[in-house]
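K.L.:
Below are the structure tokens for one structure; questions will follow.
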Amino acid sequence: MPRYFFTVLPGLEEILADEMQAKISGVRIRDKARGKVYFDSDLPVEYFLTLRTADNLYRFIHRFPVGPHKLHLHHIEQEISRLDLSMIRPDSSEKISFKVNASRAGNHTYSRFDASEAAELGIMRRYRHFRQDHSGGHQLEFRLDLVQEEAVFAIRITDAAFRYRGKMREFTPAALRPTVAHALVWVSRPEKDDIFVDPCCGSGTVLSERCAYPHAGIHGGDLSEEAVSAARANVGHTSGVHLKEWDAQRLPLDSGYAGKVVTNLPFGRQISSIACIPVLYEGVLREMKRVLKSGGQIVCLTDAGGPLLAAAEKADLRLATVADLRLKGLHPSIYLLQKD
């Protein structure tokens, strides 16, 4: 049975594994490492492309030990040259352009570029019709990950269009990656009768991800006219979606109206002064609680855990941390808040 792995933003491994088990039968999850979820399956690749928390899909080829010194680069070349890659293009003898992307974590005396060059030389030693191409027009892309004294070699199946949903988007400052936005939506457990609200919608990435599932109604808004305009462009004319320019501390929604509130709270570079956050979060959480039904839940992303906890206590909302992420040099967390 072929083995694969998905790459995912570090911290989202458990959420992706949960999505996989919910959406696809016939998948055996083998391991979860930082930024990766390994699994076995003999299903067609198309089945895996329904997963929205993943960044990219790779087919696992080989795992082998590596040494830390430059003289061990020759071992990488030799090891790769022994691999049978016929499953990639079994009937092709035409020229195939390729590249190897390498990553390195550990006390190696060589760079990741040295490692990728060694792997490329190994491929070309065995397969004379393969040629290196770093121009961006390559047909195949391999991945070599070195972690301490272990290497994993794989081939990439998806391209950048997969994690960006295959379409151009309008972006505003601090816009979420679609995969992270989907993780927030997935934690909220989307259901067909949900009334869903994103009070700080920005360019609408969370709303777009929620539109992938049936719903009873979706409401989003932002204080920025530019953000709401971008959100309209990104969400399109999806039925049941309502967008407005609004203040998240004064939502034009009835009390007890919504069952799910999911949002990327302003944090980090989105806030001009860190002193604003406690007051802002207190006002926003108070308003989110007001529009929630009894038993409703809030899922949010922020790196300001202290102010969020203080605001949750004032609003009498139960708070739990779901996942700690690494995102653009920041370390935000996904939080789940419950209204009794």
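Starting from 1 in every chain, residues are counted up; chains themselves are A, B, ... following the order of the structure tokens, and ligands are numbered from 1 as listed.
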Please provide as a CSV table (one decimal) with N, CA, C and O atoms, in the first residue's frame all residues within 6 Å of stretch 278-288 of chain A, with the sequence filter that same-chain residues fewer than 5 positions apart are discarded (counting only C-alpha atoms).

P.N.:
chain,number,residue,atom,x,y,z
A,248,ALA,N,-17.0,45.4,15.2
A,248,ALA,CA,-17.1,44.1,15.9
A,248,ALA,C,-17.6,44.2,17.4
A,248,ALA,O,-18.1,43.3,18.0
A,249,GLN,N,-17.5,45.4,17.9
A,249,GLN,CA,-18.0,45.7,19.3
A,249,GLN,C,-19.4,46.1,19.3
A,249,GLN,O,-20.0,46.3,20.4
A,307,PRO,N,-4.6,38.6,27.4
A,307,PRO,CA,-5.8,39.5,27.3
A,307,PRO,C,-7.0,38.7,26.9
A,307,PRO,O,-8.1,39.0,27.3
A,311,ALA,N,-10.4,38.6,29.1
A,311,ALA,CA,-11.7,39.0,28.5
A,311,ALA,C,-12.7,37.9,28.6
A,311,ALA,O,-13.9,38.2,28.8
A,315,ALA,N,-16.3,38.0,30.5
A,315,ALA,CA,-17.6,37.7,29.7
A,315,ALA,C,-18.2,36.4,30.2
A,315,ALA,O,-19.3,36.0,29.7

K.L.:
Name the residues in contact with stretch 22-33 of chain A at a cut-off of 8 Å, using only C-alpha atoms, excluding same-chain residues fewer than 5 positions from it; report them as a list of chain:residue names.

P.N.:
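The contact residues come out as A:Glu13, A:Glu14, A:Ala17, A:Tyr38, A:Phe39, A:Asp40, A:Ser41, A:Asp42, A:Leu43, A:Tyr47, A:Phe48, A:Leu51.
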
K.L.:
Please, which residues in stretch 14-123 of chain A fall within 10 Å of stretch 128-133 of chain A when counting only C-alpha atoms, and what is the closest atom pair and distance in Å to one decimal for each, ordered by chain then residue number, as JSON lines?

P.N.:
{"residue": "A:Ser92", "atom": "CA", "partner": "A:His129", "partner_atom": "CA", "distance": 9.1}
{"residue": "A:Ser93", "atom": "CA", "partner": "A:His129", "partner_atom": "CA", "distance": 6.5}
{"residue": "A:Glu94", "atom": "CA", "partner": "A:His129", "partner_atom": "CA", "distance": 6.3}
{"residue": "A:Lys95", "atom": "CA", "partner": "A:His129", "partner_atom": "CA", "distance": 4.7}
{"residue": "A:Ile96", "atom": "CA", "partner": "A:Phe130", "partner_atom": "CA", "distance": 4.8}
{"residue": "A:Ser97", "atom": "CA", "partner": "A:Arg131", "partner_atom": "CA", "distance": 4.9}
{"residue": "A:Phe98", "atom": "CA", "partner": "A:Gln132", "partner_atom": "CA", "distance": 5.2}
{"residue": "A:Lys99", "atom": "CA", "partner": "A:Gln132", "partner_atom": "CA", "distance": 5.7}
{"residue": "A:Val100", "atom": "CA", "partner": "A:Gln132", "partner_atom": "CA", "distance": 8.6}
{"residue": "A:Glu117", "atom": "CA", "partner": "A:Gln132", "partner_atom": "CA", "distance": 9.3}
{"residue": "A:Glu120", "atom": "CA", "partner": "A:Gln132", "partner_atom": "CA", "distance": 7.0}
{"residue": "A:Leu121", "atom": "CA", "partner": "A:Gln132", "partner_atom": "CA", "distance": 8.7}
{"residue": "A:Ile123", "atom": "CA", "partner": "A:Phe130", "partner_atom": "CA", "distance": 7.3}

K.L.:
Keeping only all heavy atoms, write the selected residues to a file as a tab-separated table (two decimals), in the first residue's frame.

P.N.:
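For reference, out_16.tsv as written:
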chain	number	residue	atom	x	y	z
A	92	SER	N	8.09	6.32	-19.53
A	92	SER	CA	8.70	7.47	-20.20
A	92	SER	C	10.20	7.31	-20.29
A	92	SER	O	10.88	6.98	-19.32
A	92	SER	CB	8.37	8.75	-19.42
A	92	SER	OG	9.04	9.84	-19.99
A	93	SER	N	10.73	7.54	-21.48
A	93	SER	CA	12.18	7.61	-21.66
A	93	SER	C	12.57	8.99	-22.19
A	93	SER	O	13.73	9.22	-22.52
A	93	SER	CB	12.65	6.52	-22.64
A	93	SER	OG	11.98	6.67	-23.88
A	94	GLU	N	11.56	9.89	-22.27
A	94	GLU	CA	11.84	11.25	-22.71
A	94	GLU	C	12.51	12.03	-21.58
A	94	GLU	O	12.48	11.65	-20.42
A	94	GLU	CB	10.53	11.95	-23.11
A	94	GLU	CG	9.81	11.27	-24.26
A	94	GLU	CD	8.50	11.97	-24.58
A	94	GLU	OE1	8.17	12.95	-23.86
A	94	GLU	OE2	7.82	11.55	-25.52
A	95	LYS	N	13.13	13.14	-21.95
A	95	LYS	CA	13.78	13.98	-20.97
A	95	LYS	C	12.77	14.49	-19.94
A	95	LYS	O	11.68	14.92	-20.30
A	95	LYS	CB	14.43	15.18	-21.65
A	95	LYS	CG	15.67	14.82	-22.50
A	95	LYS	CD	16.86	14.48	-21.62
A	95	LYS	CE	18.10	14.24	-22.46
A	95	LYS	NZ	19.26	13.85	-21.61
A	96	ILE	N	13.11	14.40	-18.67
A	96	ILE	CA	12.24	14.88	-17.59
A	96	ILE	C	13.01	15.89	-16.77
A	96	ILE	O	14.10	15.61	-16.27
A	96	ILE	CB	11.78	13.72	-16.69
A	96	ILE	CG1	10.92	12.73	-17.49
A	96	ILE	CG2	10.99	14.25	-15.49
A	96	ILE	CD1	10.51	11.50	-16.69
A	97	SER	N	12.47	17.09	-16.65
A	97	SER	CA	13.11	18.13	-15.85
A	97	SER	C	12.63	18.02	-14.40
A	97	SER	O	11.47	17.73	-14.15
A	97	SER	CB	12.80	19.52	-16.41
A	97	SER	OG	11.41	19.77	-16.39
A	98	PHE	N	13.54	18.25	-13.47
A	98	PHE	CA	13.19	18.08	-12.06
A	98	PHE	C	14.07	18.97	-11.18
A	98	PHE	O	15.08	19.51	-11.62
A	98	PHE	CB	13.37	16.62	-11.64
A	98	PHE	CG	14.81	16.23	-11.39
A	98	PHE	CD1	15.32	16.18	-10.10
A	98	PHE	CD2	15.65	15.95	-12.45
A	98	PHE	CE1	16.64	15.84	-9.86
A	98	PHE	CE2	16.98	15.60	-12.23
A	98	PHE	CZ	17.48	15.56	-10.92
A	99	LYS	N	13.67	19.09	-9.94
A	99	LYS	CA	14.50	19.73	-8.92
A	99	LYS	C	14.25	19.03	-7.59
A	99	LYS	O	13.23	18.36	-7.41
A	99	LYS	CB	14.19	21.22	-8.80
A	99	LYS	CG	12.81	21.53	-8.26
A	99	LYS	CD	12.57	23.04	-8.13
A	99	LYS	CE	13.39	23.66	-7.01
A	99	LYS	NZ	13.03	25.07	-6.76
A	100	VAL	N	15.18	19.19	-6.67
A	100	VAL	CA	15.03	18.68	-5.32
A	100	VAL	C	15.08	19.85	-4.35
A	100	VAL	O	16.05	20.61	-4.35
A	100	VAL	CB	16.14	17.67	-4.96
A	100	VAL	CG1	16.01	17.24	-3.49
A	100	VAL	CG2	16.08	16.44	-5.87
A	117	GLU	N	21.70	19.29	-4.00
A	117	GLU	CA	22.59	19.02	-5.13
A	117	GLU	C	23.03	17.56	-5.12
A	117	GLU	O	23.05	16.90	-6.17
A	117	GLU	CB	23.81	19.94	-5.06
A	117	GLU	CG	24.85	19.69	-6.13
A	117	GLU	CD	24.43	20.12	-7.53
A	117	GLU	OE1	23.41	20.83	-7.65
A	117	GLU	OE2	25.13	19.75	-8.50
A	120	GLU	N	20.16	15.42	-6.32
A	120	GLU	CA	19.96	15.57	-7.77
A	120	GLU	C	21.00	14.78	-8.55
A	120	GLU	O	20.68	14.13	-9.56
A	120	GLU	CB	19.99	17.05	-8.13
A	120	GLU	CG	18.76	17.81	-7.66
A	120	GLU	CD	18.85	19.31	-7.84
A	120	GLU	OE1	19.94	19.81	-8.19
A	120	GLU	OE2	17.83	19.99	-7.62
A	121	LEU	N	22.23	14.80	-8.09
A	121	LEU	CA	23.27	14.03	-8.75
A	121	LEU	C	22.97	12.54	-8.66
A	121	LEU	O	23.22	11.77	-9.60
A	121	LEU	CB	24.63	14.33	-8.12
A	121	LEU	CG	25.18	15.74	-8.39
A	121	LEU	CD1	26.46	15.97	-7.59
A	121	LEU	CD2	25.43	15.98	-9.87
A	123	ILE	N	19.97	11.13	-8.52
A	123	ILE	CA	18.89	10.81	-9.47
A	123	ILE	C	19.46	10.70	-10.88
A	123	ILE	O	19.15	9.76	-11.62
A	123	ILE	CB	17.79	11.89	-9.40
A	123	ILE	CG1	17.04	11.80	-8.06
A	123	ILE	CG2	16.80	11.72	-10.56
A	123	ILE	CD1	16.07	12.94	-7.82

K.L.:
Identify all residues of stretch 58-101 of chain A in alpha helix (DSSP H) (DSSP on the backbone) and supply them as a ChimeraX atom specification.

P.N.:
/A:73-81

K.L.:
Fewer than 6 positions away in the same chain doesn't count, so skip those; otherwise give me all residues within 10 Å of A:Ala320, counting only C-alpha atoms, as a count of residues only.

P.N.:
7

K.L.:
Need to verify the contact set: A:Ile76, 10 Å, only C-alpha atoms, exclusion of same-chain residues closer than 5 positions in sequence. Can you return it as number ranges by chain?

P.N.:
A: 64-67, 71, 81, 115-122, 144, 151

K.L.:
Selected residues, all heavy atoms, written as an mmCIF file, in the first residue's frame, please.

P.N.:
data_model
loop_
_atom_site.group_PDB
_atom_site.id
_atom_site.type_symbol
_atom_site.label_atom_id
_atom_site.label_comp_id
_atom_site.auth_asym_id
_atom_site.auth_seq_id
_atom_site.Cartn_x
_atom_site.Cartn_y
_atom_site.Cartn_z
ATOM 1 N N PHE A 64 16.231 7.206 5.261
ATOM 2 C CA PHE A 64 17.561 6.626 5.432
ATOM 3 C C PHE A 64 18.402 7.488 6.378
ATOM 4 O O PHE A 64 18.123 8.679 6.563
ATOM 5 C CB PHE A 64 18.274 6.468 4.084
ATOM 6 C CG PHE A 64 18.466 7.743 3.309
ATOM 7 C CD1 PHE A 64 19.675 8.440 3.356
ATOM 8 C CD2 PHE A 64 17.449 8.250 2.510
ATOM 9 C CE1 PHE A 64 19.864 9.605 2.637
ATOM 10 C CE2 PHE A 64 17.630 9.416 1.780
ATOM 11 C CZ PHE A 64 18.846 10.101 1.840
ATOM 12 N N PRO A 65 19.449 6.892 6.995
ATOM 13 C CA PRO A 65 20.304 7.656 7.905
ATOM 14 C C PRO A 65 21.261 8.565 7.138
ATOM 15 O O PRO A 65 21.677 8.244 6.018
ATOM 16 C CB PRO A 65 21.069 6.567 8.663
ATOM 17 C CG PRO A 65 21.078 5.410 7.741
ATOM 18 C CD PRO A 65 19.794 5.472 6.959
ATOM 19 N N VAL A 66 21.607 9.703 7.739
ATOM 20 C CA VAL A 66 22.564 10.629 7.128
ATOM 21 C C VAL A 66 23.585 11.067 8.186
ATOM 22 O O VAL A 66 23.271 11.133 9.374
ATOM 23 C CB VAL A 66 21.876 11.884 6.540
ATOM 24 C CG1 VAL A 66 21.036 11.540 5.342
ATOM 25 C CG2 VAL A 66 21.035 12.585 7.595
ATOM 26 N N GLY A 67 24.765 11.364 7.716
ATOM 27 C CA GLY A 67 25.803 11.867 8.609
ATOM 28 C C GLY A 67 25.834 13.385 8.616
ATOM 29 O O GLY A 67 25.250 14.037 7.744
ATOM 30 N N LEU A 71 31.570 15.180 4.054
ATOM 31 C CA LEU A 71 31.945 13.931 3.407
ATOM 32 C C LEU A 71 30.758 12.979 3.280
ATOM 33 O O LEU A 71 30.764 12.053 2.469
ATOM 34 C CB LEU A 71 33.081 13.259 4.176
ATOM 35 C CG LEU A 71 32.854 12.856 5.645
ATOM 36 C CD1 LEU A 71 32.307 11.439 5.745
ATOM 37 C CD2 LEU A 71 34.153 12.966 6.430
ATOM 38 N N SER A 81 20.737 7.349 -5.590
ATOM 39 C CA SER A 81 20.984 6.687 -6.886
ATOM 40 C C SER A 81 20.488 5.247 -6.890
ATOM 41 O O SER A 81 20.286 4.671 -7.963
ATOM 42 C CB SER A 81 22.476 6.726 -7.213
ATOM 43 O OG SER A 81 23.204 5.832 -6.382
ATOM 44 N N ALA A 115 22.825 19.534 0.134
ATOM 45 C CA ALA A 115 22.080 18.274 0.217
ATOM 46 C C ALA A 115 21.204 18.066 -1.012
ATOM 47 O O ALA A 115 21.124 16.952 -1.555
ATOM 48 C CB ALA A 115 21.229 18.250 1.485
ATOM 49 N N SER A 116 20.538 19.128 -1.467
ATOM 50 C CA SER A 116 19.680 18.993 -2.649
ATOM 51 C C SER A 116 20.514 18.685 -3.889
ATOM 52 O O SER A 116 20.114 17.873 -4.733
ATOM 53 C CB SER A 116 18.832 20.243 -2.863
ATOM 54 O OG SER A 116 19.627 21.369 -3.164
ATOM 55 N N GLU A 117 21.698 19.291 -3.998
ATOM 56 C CA GLU A 117 22.586 19.018 -5.130
ATOM 57 C C GLU A 117 23.030 17.559 -5.123
ATOM 58 O O GLU A 117 23.048 16.899 -6.171
ATOM 59 C CB GLU A 117 23.808 19.937 -5.061
ATOM 60 C CG GLU A 117 24.853 19.694 -6.134
ATOM 61 C CD GLU A 117 24.429 20.123 -7.529
ATOM 62 O OE1 GLU A 117 23.407 20.826 -7.652
ATOM 63 O OE2 GLU A 117 25.125 19.753 -8.502
ATOM 64 N N ALA A 118 23.371 17.027 -3.951
ATOM 65 C CA ALA A 118 23.777 15.630 -3.853
ATOM 66 C C ALA A 118 22.649 14.704 -4.283
ATOM 67 O O ALA A 118 22.861 13.713 -5.001
ATOM 68 C CB ALA A 118 24.217 15.315 -2.424
ATOM 69 N N ALA A 119 21.412 15.004 -3.854
ATOM 70 C CA ALA A 119 20.266 14.182 -4.235
ATOM 71 C C ALA A 119 20.022 14.249 -5.742
ATOM 72 O O ALA A 119 19.711 13.228 -6.375
ATOM 73 C CB ALA A 119 19.028 14.631 -3.473
ATOM 74 N N GLU A 120 20.156 15.423 -6.321
ATOM 75 C CA GLU A 120 19.956 15.568 -7.768
ATOM 76 C C GLU A 120 20.995 14.780 -8.555
ATOM 77 O O GLU A 120 20.676 14.127 -9.557
ATOM 78 C CB GLU A 120 19.994 17.051 -8.134
ATOM 79 C CG GLU A 120 18.758 17.806 -7.656
ATOM 80 C CD GLU A 120 18.849 19.309 -7.838
ATOM 81 O OE1 GLU A 120 19.942 19.809 -8.187
ATOM 82 O OE2 GLU A 120 17.834 19.990 -7.621
ATOM 83 N N LEU A 121 22.231 14.804 -8.086
ATOM 84 C CA LEU A 121 23.272 14.027 -8.747
ATOM 85 C C LEU A 121 22.974 12.536 -8.656
ATOM 86 O O LEU A 121 23.220 11.771 -9.598
ATOM 87 C CB LEU A 121 24.635 14.332 -8.125
ATOM 88 C CG LEU A 121 25.184 15.743 -8.389
ATOM 89 C CD1 LEU A 121 26.465 15.972 -7.594
ATOM 90 C CD2 LEU A 121 25.426 15.979 -9.874
ATOM 91 N N GLY A 122 22.419 12.105 -7.515
ATOM 92 C CA GLY A 122 22.060 10.703 -7.358
ATOM 93 C C GLY A 122 20.971 10.275 -8.318
ATOM 94 O O GLY A 122 21.031 9.183 -8.901
ATOM 95 N N LEU A 144 13.629 16.562 0.056
ATOM 96 C CA LEU A 144 14.562 15.863 0.930
ATOM 97 C C LEU A 144 14.606 16.611 2.253
ATOM 98 O O LEU A 144 15.066 17.749 2.317
ATOM 99 C CB LEU A 144 15.959 15.812 0.304
ATOM 100 C CG LEU A 144 17.052 15.151 1.140
ATOM 101 C CD1 LEU A 144 16.778 13.651 1.300
ATOM 102 C CD2 LEU A 144 18.425 15.384 0.520
ATOM 103 N N ALA A 151 17.002 11.161 7.097
ATOM 104 C CA ALA A 151 16.524 11.844 5.891
ATOM 105 C C ALA A 151 15.253 11.178 5.387
ATOM 106 O O ALA A 151 15.107 9.957 5.458
ATOM 107 C CB ALA A 151 17.587 11.809 4.797
#

K.L.:
Quick one: residues within 9 Å of A:Lys289, only C-alpha atoms counted, chain neighbours fewer than 5 positions away excluded, as a PyMOL selection string?

P.N.:
chain A and resi 255-256+284+296-298+315-317+338-339

K.L.:
Please identify all polymer residues within 8 Å of A:Leu146, counting only C-alpha atoms, omitting same-chain residues fewer than 5 positions from it, and present them as a list in words.

P.N.:
Val66, Ala102, Ser103, Arg104, Ala105, Gly106, Ala151 and Val152 of chain A

K.L.:
Write the residues of the selection above to a file with N, CA and C atoms, as a short mmCIF file (atom, residue, chain, number, x, y, z; two decimals), in the first residue's frame.

P.N.:
data_model
loop_
_atom_site.label_atom_id
_atom_site.label_comp_id
_atom_site.auth_asym_id
_atom_site.auth_seq_id
_atom_site.Cartn_x
_atom_site.Cartn_y
_atom_site.Cartn_z
N VAL A 66 21.61 9.70 7.74
CA VAL A 66 22.56 10.63 7.13
C VAL A 66 23.58 11.07 8.19
N ALA A 102 15.37 20.86 -0.47
CA ALA A 102 15.84 20.23 0.75
C ALA A 102 15.62 21.16 1.94
N SER A 103 15.37 20.56 3.09
CA SER A 103 15.33 21.30 4.36
C SER A 103 16.28 20.60 5.32
N ARG A 104 16.76 21.35 6.31
CA ARG A 104 17.78 20.80 7.21
C ARG A 104 17.54 21.30 8.62
N ALA A 105 17.52 20.38 9.58
CA ALA A 105 17.41 20.73 10.99
C ALA A 105 18.39 19.86 11.75
N GLY A 106 19.43 20.47 12.29
CA GLY A 106 20.44 19.70 12.99
C GLY A 106 21.81 20.34 12.85
N ALA A 151 17.00 11.16 7.10
CA ALA A 151 16.52 11.84 5.89
C ALA A 151 15.25 11.18 5.39
N VAL A 152 14.32 12.00 4.89
CA VAL A 152 13.11 11.51 4.24
C VAL A 152 13.08 12.08 2.82
#

K.L.:
Name the closest residue to A:Val291 among the candidates A:Gly166, A:Asp303, A:Ala154, A:Asp254; distances are taken between atoms, counting only C-alpha atoms.

P.N.:
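Result for the nearest residue to A:Val291: A:Asp254.
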
K.L.:
Give me, please, the distance in Å between atom CA of A:Val37 and atom CA of A:Asn107, quoted to one decimal.

P.N.:
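For atom CA of A:Val37 relative to atom CA of A:Asn107, the distance reads 24.5 Å.
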